[in-house]
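A.B. asks: After the structure tokens below, expect a handful of questions from me.
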Amino acid sequence: QVQLVESGGGLVQPGGSLRLSCVASGRVFSIYAMGWYRQAPGNQRELVAQITRDDRTTVADSVLGRFSINRDSTESTMTVYLQMNSLKPEDTAVYYCNVVNYGGLSDWGQGTQVTVSS
């Protein structure tokens, strides 16, 4: 089992930046990929960005060129970062950290609110 701790959400004006962090601990050796999803009210949860253990990335078209994902690892943790620039009101959502293990199973963080508003 993997434990996830998210941080970095908040309120930001349009055009601003935020960085989300998610620290995974526990059975980190089993992690194949980490990423971020988001869910706005009335919408389905959608993939924002994902990075694999060998640093292959996937980024949603809606945030391409504005958001970037990277990760680092220690012996006991793996951390994924989502750098969000040029934020728009439509980026407002709850952002969830996600891990996928080599068996294809997922774990989710508790979610962190990102609000883009003037």
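The chains in the structure tokens are called A, B, ... from first to last as shown; in each chain the residues are counted from 1, and the ligands are counted from 1 in the order shown.
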Would you list the contacts of A:Gln110 as a PDB file with C-alpha atoms, in the first residue's frame, taking every protein, DNA or RNA residue within 8 Å and counting only C-alpha atoms, but skipping same-chain residues closer than 5 positions in sequence?
C.D. replies:
```pdb
ATOM      1  CA  VAL A   5       0.160  13.431   0.927  1.00  0.00           C
ATOM      2  CA  GLU A   6      -0.776  16.348  -1.307  1.00  0.00           C
ATOM      3  CA  TYR A  96      -6.145  14.564  -7.056  1.00  0.00           C
ATOM      4  CA  CYS A  97      -2.813  12.811  -6.913  1.00  0.00           C
TER       5      CYS A  97
END
```
A.B. asks: Find the residues near A:Ser118: any atom within 8 Å, counting only C-alpha atoms, skip ones fewer than 5 places away on the same chain, and give them as a list in words.
C.D. replies: Val12, Gln13 and Pro14 of chain A
A.B. asks: Export all heavy atoms of the chosen residues as an mmCIF file, in the first residue's frame?
C.D. replies:
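The resulting part-v2.cif:
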```cif
data_model
loop_
_atom_site.group_PDB
_atom_site.id
_atom_site.type_symbol
_atom_site.label_atom_id
_atom_site.label_comp_id
_atom_site.auth_asym_id
_atom_site.auth_seq_id
_atom_site.Cartn_x
_atom_site.Cartn_y
_atom_site.Cartn_z
ATOM 1 N N VAL A 12 -5.684 31.629 -6.579
ATOM 2 C CA VAL A 12 -4.731 32.399 -7.373
ATOM 3 C C VAL A 12 -5.502 33.191 -8.423
ATOM 4 O O VAL A 12 -6.580 32.761 -8.870
ATOM 5 C CB VAL A 12 -3.685 31.467 -8.022
ATOM 6 C CG1 VAL A 12 -4.339 30.511 -9.016
ATOM 7 C CG2 VAL A 12 -2.566 32.238 -8.669
ATOM 8 N N GLN A 13 -4.954 34.326 -8.804
ATOM 9 C CA GLN A 13 -5.592 35.137 -9.836
ATOM 10 C C GLN A 13 -5.313 34.569 -11.219
ATOM 11 O O GLN A 13 -4.295 33.887 -11.419
ATOM 12 C CB GLN A 13 -5.084 36.573 -9.753
ATOM 13 C CG GLN A 13 -5.521 37.306 -8.492
ATOM 14 C CD GLN A 13 -5.154 38.772 -8.534
ATOM 15 O OE1 GLN A 13 -4.280 39.197 -9.302
ATOM 16 N NE2 GLN A 13 -5.805 39.571 -7.707
ATOM 17 N N PRO A 14 -6.179 34.858 -12.176
ATOM 18 C CA PRO A 14 -5.896 34.426 -13.560
ATOM 19 C C PRO A 14 -4.527 34.922 -14.015
ATOM 20 O O PRO A 14 -4.145 36.066 -13.744
ATOM 21 C CB PRO A 14 -7.033 35.085 -14.353
ATOM 22 C CG PRO A 14 -8.152 35.204 -13.374
ATOM 23 C CD PRO A 14 -7.493 35.504 -12.057
#
```
A.B. asks: Per residue of stretch 11-44 of chain A within 6 Å of stretch 81-88 of chain A, which atom pair is closest and at what distance in Å (one decimal), using only C-alpha atoms, listed by chain and increasing number, as a tab-separated table?
C.D. replies:
```
residue	atom	partner	partner_atom	distance
A:Pro14	CA	A:Lys88	CA	5.1
A:Gly15	CA	A:Ser86	CA	4.1
A:Gly16	CA	A:Ser86	CA	5.5
A:Ser17	CA	A:Asn85	CA	4.4
A:Leu18	CA	A:Met84	CA	5.2
A:Arg19	CA	A:Gln83	CA	4.5
A:Leu20	CA	A:Leu82	CA	5.0
A:Ser21	CA	A:Tyr81	CA	4.6
```
A.B. asks: To one decimal place in Å, what is the distance between atom CA of A:Leu105 and atom CA of A:Arg27?
C.D. replies: 12.7 Å
A.B. asks: Could you give me, as a ChimeraX atom specification, the residues within 8 Å of stretch 74-76 of chain A, counting only C-alpha atoms and dropping anything in the same chain fewer than 6 positions from it?
C.D. replies: /A:25-26,28
A.B. asks: Export C-alpha atoms of the chosen residues as a short mmCIF file (atom, residue, chain, number, x, y, z; two decimals), in the first residue's frame?
C.D. replies:
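Once written, part-v2.cif looks like this:
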```cif
data_model
loop_
_atom_site.label_atom_id
_atom_site.label_comp_id
_atom_site.auth_asym_id
_atom_site.auth_seq_id
_atom_site.Cartn_x
_atom_site.Cartn_y
_atom_site.Cartn_z
CA SER A 25 5.52 6.64 0.86
CA GLY A 26 5.19 3.00 1.73
CA VAL A 28 7.05 3.02 -3.48
#
```
A.B. asks: What is the distance, in Å and to one decimal place, between atom CA of A:Arg45 and atom CA of A:Gly9?
C.D. replies: 17.0 Å
A.B. asks: Name the closest residue to A:Arg66 among the candidates A:Asp91, A:Gln44, A:Ser117, A:Thr52; distances are taken between atoms, counting only C-alpha atoms.
C.D. replies: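 Checking each of A:Asp91, A:Gln44, A:Ser117, A:Thr52 against A:Arg66, counting only C-alpha atoms, the winner is A:Asp91.
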A.B. asks: Show me, as a PyMOL selection string, the residues that have an atom within 8 Å of A:Tyr95 when counting only C-alpha atoms, minus same-chain residues fewer than 5 positions from it.
C.D. replies: chain A and resi 36-39+111-114
A.B. asks: Counting only C-alpha atoms, which residue out of A:Glu90, A:Thr79, A:Tyr102, A:Ala33 sits closest to A:Ser7?
C.D. replies: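 Closest to A:Ser7, using only C-alpha atoms: A:Thr79.
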A.B. asks: My list of candidates is A:Ala40, A:Gly8, A:Gly35, A:Asp72. Which is closest to A:Ala60 when distances are computed with only C-alpha atoms?
C.D. replies: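 Of A:Ala40, A:Gly8, A:Gly35, A:Asp72, the one nearest A:Ala60, counting only C-alpha atoms, is A:Gly35.
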